[in-house]
Amino acid sequence: KKGALESNGKYRGRAVCLRALSNPSEYMKDMLPRFGYNDGPSSLTLSEFCAAHLATLTEFAHEQIQSQLDNHDAVVGLPINYDGLIETLTDAVLPFTLQRALTQEERSNIEHVSSFYSKGGRTGRVEQKFSNDNANKEQHATEEYRIAATTFLQPSYDLLDEYSKRTIQAMKESI
């Protein structure tokens with residue numbers, strides 16, 4: 001989460017989250033007082049606005065999952081931490097969905113496809129090998145971004161991560 005903010009920060013106003021700066025969502029406006037920000041989105045710094053924007057996504061995802069659990073509905077969707085994504089897919093999600101272990105060929109195909117940069121279509125990086133730069137982004141994140149991420153994103157991130165870990169463990173145990 002902090003790495004995503006740092007990545008957004010380097011674009012200085014062109015970041016996707018900042019497109020909503022002049023017209024923030026009602027969800028964001030309603031969410032801010034829960035974090036002690038009672039003066040609305042216009043009182044946020046750019047890093048706070050980016051973190052709050054991303055938090056609208058994680059907060060909403062958590063609310064939807066919790067609502068489905070509270071109503072005893074089948075939960076649609078599973079938050080998966082990007083770190084360990086391939087292993088989670090190959091060791092839990094796909095075997096659970098298919099009700100069988102993946103073959104070595106299937107695992108190899110998934111690992112091969114995942115080694116390429118996913119956003120190449122518009123940037124011309126279709127054939128570029130993927131390199132996880134999250135650690136580098138986190139290392140270079142400013143203190144302002146770290147505080148904003150901790151304030152707005154950490155609570156829902158932790159809830160989603162805990163739900164994900166429990167669900168993935170249950171998937172593995174049921175295979």
# chains A, B, ... in the order shown; residues from 1 in each chain; ligands from 1

$ select_by_dssp --residues "range 8-171 of chain A" --states "helix (DSSP H, G or I)" --output "number ranges by chain"
A: 8-9, 16-20, 26-35, 41-43, 46-70, 85-98, 104-113, 120-123, 134-140, 143-171

$ residues_around --residues "Ser108 in chain A" --least-positions-apart "6" --cutoff "10 Å" --atoms "only C-alpha atoms" --output "compact mmCIF listing (two decimals) with N, CA and C atoms, in the first residue's frame"
# COMPACT_ATOMS: atom_id res chain seq x y z
N THR A 90 -1.72 -20.85 -7.29
CA THR A 90 -1.37 -22.23 -7.66
C THR A 90 -1.53 -23.23 -6.52
N LEU A 102 -2.95 -28.80 -9.31
CA LEU A 102 -2.51 -28.40 -10.64
C LEU A 102 -1.39 -29.32 -11.10
N SER A 114 2.98 -15.04 -15.61
CA SER A 114 3.08 -14.02 -14.57
C SER A 114 4.42 -13.31 -14.55

$ residues_around --residues "Phe60 in chain A" --least-positions-apart "5" --cutoff "12 Å" --atoms "only C-alpha atoms" --output "tab-separated table (two decimals) with N, CA, C and O atoms, in the first residue's frame"
chain	number	residue	atom	x	y	z
A	27	TYR	N	-18.66	8.51	-1.07
A	27	TYR	CA	-18.13	7.49	-0.15
A	27	TYR	C	-16.93	8.04	0.61
A	27	TYR	O	-16.81	7.85	1.81
A	28	MET	N	-16.04	8.74	-0.11
A	28	MET	CA	-14.87	9.33	0.55
A	28	MET	C	-15.31	10.38	1.56
A	28	MET	O	-14.82	10.41	2.69
A	30	ASP	N	-18.04	10.59	3.18
A	30	ASP	CA	-18.66	9.94	4.34
A	30	ASP	C	-17.63	9.20	5.19
A	30	ASP	O	-17.80	9.05	6.40
A	31	MET	N	-16.56	8.72	4.56
A	31	MET	CA	-15.55	7.93	5.25
A	31	MET	C	-14.60	8.79	6.10
A	31	MET	O	-14.17	8.37	7.18
A	52	ALA	N	-6.56	8.23	1.04
A	52	ALA	CA	-8.00	8.16	1.28
A	52	ALA	C	-8.73	7.57	0.08
A	52	ALA	O	-9.66	6.76	0.22
A	53	HIS	N	-8.29	7.94	-1.12
A	53	HIS	CA	-8.89	7.38	-2.34
A	53	HIS	C	-8.70	5.87	-2.38
A	53	HIS	O	-9.65	5.12	-2.61
A	54	LEU	N	-7.48	5.41	-2.13
A	54	LEU	CA	-7.22	3.97	-2.11
A	54	LEU	C	-8.00	3.30	-0.98
A	54	LEU	O	-8.49	2.17	-1.13
A	55	ALA	N	-8.14	4.00	0.14
A	55	ALA	CA	-8.89	3.45	1.26
A	55	ALA	C	-10.37	3.28	0.93
A	55	ALA	O	-11.02	2.38	1.46
A	65	ILE	N	-17.54	-7.73	1.90
A	65	ILE	CA	-17.26	-9.06	2.43
A	65	ILE	C	-17.96	-9.25	3.77
A	65	ILE	O	-18.61	-10.27	4.01
A	66	GLN	N	-17.83	-8.26	4.65
A	66	GLN	CA	-18.44	-8.37	5.98
A	66	GLN	C	-19.96	-8.47	5.87
A	66	GLN	O	-20.60	-9.25	6.59
A	67	SER	N	-20.55	-7.71	4.98
A	67	SER	CA	-22.00	-7.75	4.78
A	67	SER	C	-22.43	-9.13	4.32
A	67	SER	O	-23.44	-9.67	4.80
A	79	PRO	N	-9.85	-11.20	-1.44
A	79	PRO	CA	-8.68	-10.32	-1.50
A	79	PRO	C	-7.42	-11.17	-1.36
A	79	PRO	O	-7.35	-12.05	-0.50
A	153	LEU	N	-5.17	3.51	5.18
A	153	LEU	CA	-5.21	2.18	4.58
A	153	LEU	C	-4.99	1.03	5.55
A	153	LEU	O	-5.52	-0.06	5.35
A	156	SER	N	-8.24	-1.15	7.12
A	156	SER	CA	-8.96	-2.05	6.22
A	156	SER	C	-8.02	-3.06	5.57
A	156	SER	O	-8.40	-4.20	5.31
A	157	TYR	N	-6.78	-2.67	5.33
A	157	TYR	CA	-5.79	-3.60	4.79
A	157	TYR	C	-5.61	-4.78	5.75
A	157	TYR	O	-5.63	-5.94	5.33
A	159	LEU	N	-7.70	-5.92	8.01
A	159	LEU	CA	-8.92	-6.74	8.05
A	159	LEU	C	-9.01	-7.63	6.80
A	159	LEU	O	-9.34	-8.82	6.90
A	160	LEU	N	-8.73	-7.05	5.63
A	160	LEU	CA	-8.76	-7.84	4.40
A	160	LEU	C	-7.69	-8.92	4.40
A	160	LEU	O	-7.93	-10.06	3.98

$ closest_residue --among "A:Asp161, A:Glu59, A:Glu173, A:Glu138" --to "Asn81 in chain A" --atoms "only C-alpha atoms"
A:Asp161

$ decode --residues "range 82-97 of chain A" --atoms "all heavy atoms" --output "short mmCIF file (atom, residue, chain, number, x, y, z; two decimals), in the first residue's frame"
data_model
loop_
_atom_site.label_atom_id
_atom_site.label_comp_id
_atom_site.auth_asym_id
_atom_site.auth_seq_id
_atom_site.Cartn_x
_atom_site.Cartn_y
_atom_site.Cartn_z
N TYR A 82 -0.71 -9.11 -2.96
CA TYR A 82 0.11 -9.19 -4.18
C TYR A 82 1.39 -9.99 -3.93
O TYR A 82 1.82 -10.74 -4.78
CB TYR A 82 0.43 -7.78 -4.66
CG TYR A 82 0.89 -7.73 -6.09
CD1 TYR A 82 -0.02 -7.87 -7.13
CD2 TYR A 82 2.23 -7.56 -6.39
CE1 TYR A 82 0.40 -7.83 -8.44
CE2 TYR A 82 2.66 -7.52 -7.71
CZ TYR A 82 1.73 -7.66 -8.73
OH TYR A 82 2.16 -7.63 -10.03
N ASP A 83 1.96 -9.80 -2.74
CA ASP A 83 3.12 -10.61 -2.38
C ASP A 83 2.64 -12.04 -2.18
O ASP A 83 1.78 -12.30 -1.34
CB ASP A 83 3.78 -10.10 -1.10
CG ASP A 83 4.46 -8.76 -1.29
OD1 ASP A 83 4.89 -8.46 -2.43
OD2 ASP A 83 4.54 -8.00 -0.31
N GLY A 84 3.14 -12.94 -2.96
CA GLY A 84 2.71 -14.34 -2.87
C GLY A 84 1.51 -14.66 -3.73
O GLY A 84 0.90 -15.72 -3.56
N LEU A 85 1.16 -13.78 -4.64
CA LEU A 85 -0.02 -13.98 -5.49
C LEU A 85 0.04 -15.30 -6.27
O LEU A 85 -0.91 -16.07 -6.26
CB LEU A 85 -0.18 -12.80 -6.46
CG LEU A 85 -1.27 -12.93 -7.51
CD1 LEU A 85 -2.64 -12.98 -6.86
CD2 LEU A 85 -1.20 -11.76 -8.48
N ILE A 86 1.15 -15.56 -6.92
CA ILE A 86 1.27 -16.76 -7.75
C ILE A 86 1.14 -18.02 -6.90
O ILE A 86 0.40 -18.95 -7.25
CB ILE A 86 2.60 -16.76 -8.55
CG1 ILE A 86 2.70 -15.50 -9.42
CG2 ILE A 86 2.73 -18.03 -9.39
CD1 ILE A 86 1.51 -15.24 -10.29
N GLU A 87 1.83 -18.05 -5.76
CA GLU A 87 1.74 -19.21 -4.89
C GLU A 87 0.32 -19.41 -4.37
O GLU A 87 -0.17 -20.53 -4.27
CB GLU A 87 2.72 -19.08 -3.72
CG GLU A 87 4.18 -19.10 -4.12
CD GLU A 87 4.68 -17.77 -4.67
OE1 GLU A 87 4.00 -16.72 -4.48
OE2 GLU A 87 5.73 -17.77 -5.31
N THR A 88 -0.36 -18.32 -4.04
CA THR A 88 -1.73 -18.42 -3.54
C THR A 88 -2.65 -18.98 -4.63
O THR A 88 -3.49 -19.84 -4.35
CB THR A 88 -2.24 -17.05 -3.07
OG1 THR A 88 -1.39 -16.59 -2.01
CG2 THR A 88 -3.67 -17.11 -2.58
N LEU A 89 -2.45 -18.50 -5.85
CA LEU A 89 -3.28 -19.02 -6.95
C LEU A 89 -3.00 -20.49 -7.22
O LEU A 89 -3.93 -21.29 -7.36
CB LEU A 89 -3.04 -18.20 -8.22
CG LEU A 89 -3.59 -16.78 -8.23
CD1 LEU A 89 -3.16 -16.05 -9.50
CD2 LEU A 89 -5.10 -16.79 -8.11
N THR A 90 -1.72 -20.85 -7.29
CA THR A 90 -1.37 -22.23 -7.66
C THR A 90 -1.53 -23.23 -6.52
O THR A 90 -1.79 -24.41 -6.76
CB THR A 90 0.06 -22.31 -8.22
OG1 THR A 90 0.99 -21.82 -7.24
CG2 THR A 90 0.20 -21.52 -9.51
N ASP A 91 -1.38 -22.78 -5.28
CA ASP A 91 -1.44 -23.70 -4.14
C ASP A 91 -2.79 -23.76 -3.45
O ASP A 91 -3.06 -24.70 -2.70
CB ASP A 91 -0.38 -23.32 -3.09
CG ASP A 91 1.03 -23.45 -3.61
OD1 ASP A 91 1.23 -24.08 -4.67
OD2 ASP A 91 1.94 -22.92 -2.95
N ALA A 92 -3.65 -22.75 -3.67
CA ALA A 92 -4.92 -22.71 -2.95
C ALA A 92 -6.12 -22.42 -3.85
O ALA A 92 -7.02 -23.23 -3.97
CB ALA A 92 -4.86 -21.69 -1.82
N VAL A 93 -6.13 -21.26 -4.48
CA VAL A 93 -7.33 -20.81 -5.19
C VAL A 93 -7.70 -21.73 -6.35
O VAL A 93 -8.84 -22.21 -6.44
CB VAL A 93 -7.17 -19.35 -5.67
CG1 VAL A 93 -8.37 -18.93 -6.51
CG2 VAL A 93 -6.99 -18.41 -4.49
N LEU A 94 -6.76 -21.98 -7.25
CA LEU A 94 -7.08 -22.83 -8.40
C LEU A 94 -7.34 -24.28 -8.00
O LEU A 94 -8.33 -24.87 -8.47
CB LEU A 94 -6.00 -22.71 -9.47
CG LEU A 94 -5.95 -21.33 -10.15
CD1 LEU A 94 -4.75 -21.20 -11.06
CD2 LEU A 94 -7.25 -21.07 -10.91
N PRO A 95 -6.52 -24.90 -7.15
CA PRO A 95 -6.85 -26.26 -6.73
C PRO A 95 -8.22 -26.34 -6.03
O PRO A 95 -8.98 -27.30 -6.25
CB PRO A 95 -5.72 -26.63 -5.76
CG PRO A 95 -4.58 -25.80 -6.22
CD PRO A 95 -5.21 -24.50 -6.66
N PHE A 96 -8.56 -25.36 -5.22
CA PHE A 96 -9.86 -25.34 -4.55
C PHE A 96 -10.97 -25.22 -5.59
O PHE A 96 -11.97 -25.94 -5.54
CB PHE A 96 -9.93 -24.19 -3.55
CG PHE A 96 -11.27 -24.04 -2.90
CD1 PHE A 96 -11.62 -24.86 -1.82
CD2 PHE A 96 -12.18 -23.10 -3.34
CE1 PHE A 96 -12.87 -24.73 -1.22
CE2 PHE A 96 -13.42 -22.97 -2.73
CZ PHE A 96 -13.76 -23.79 -1.67
N THR A 97 -10.81 -24.31 -6.53
CA THR A 97 -11.83 -24.09 -7.56
C THR A 97 -11.99 -25.31 -8.45
O THR A 97 -13.11 -25.72 -8.78
CB THR A 97 -11.45 -22.86 -8.41
OG1 THR A 97 -11.32 -21.73 -7.54
CG2 THR A 97 -12.50 -22.55 -9.45
#
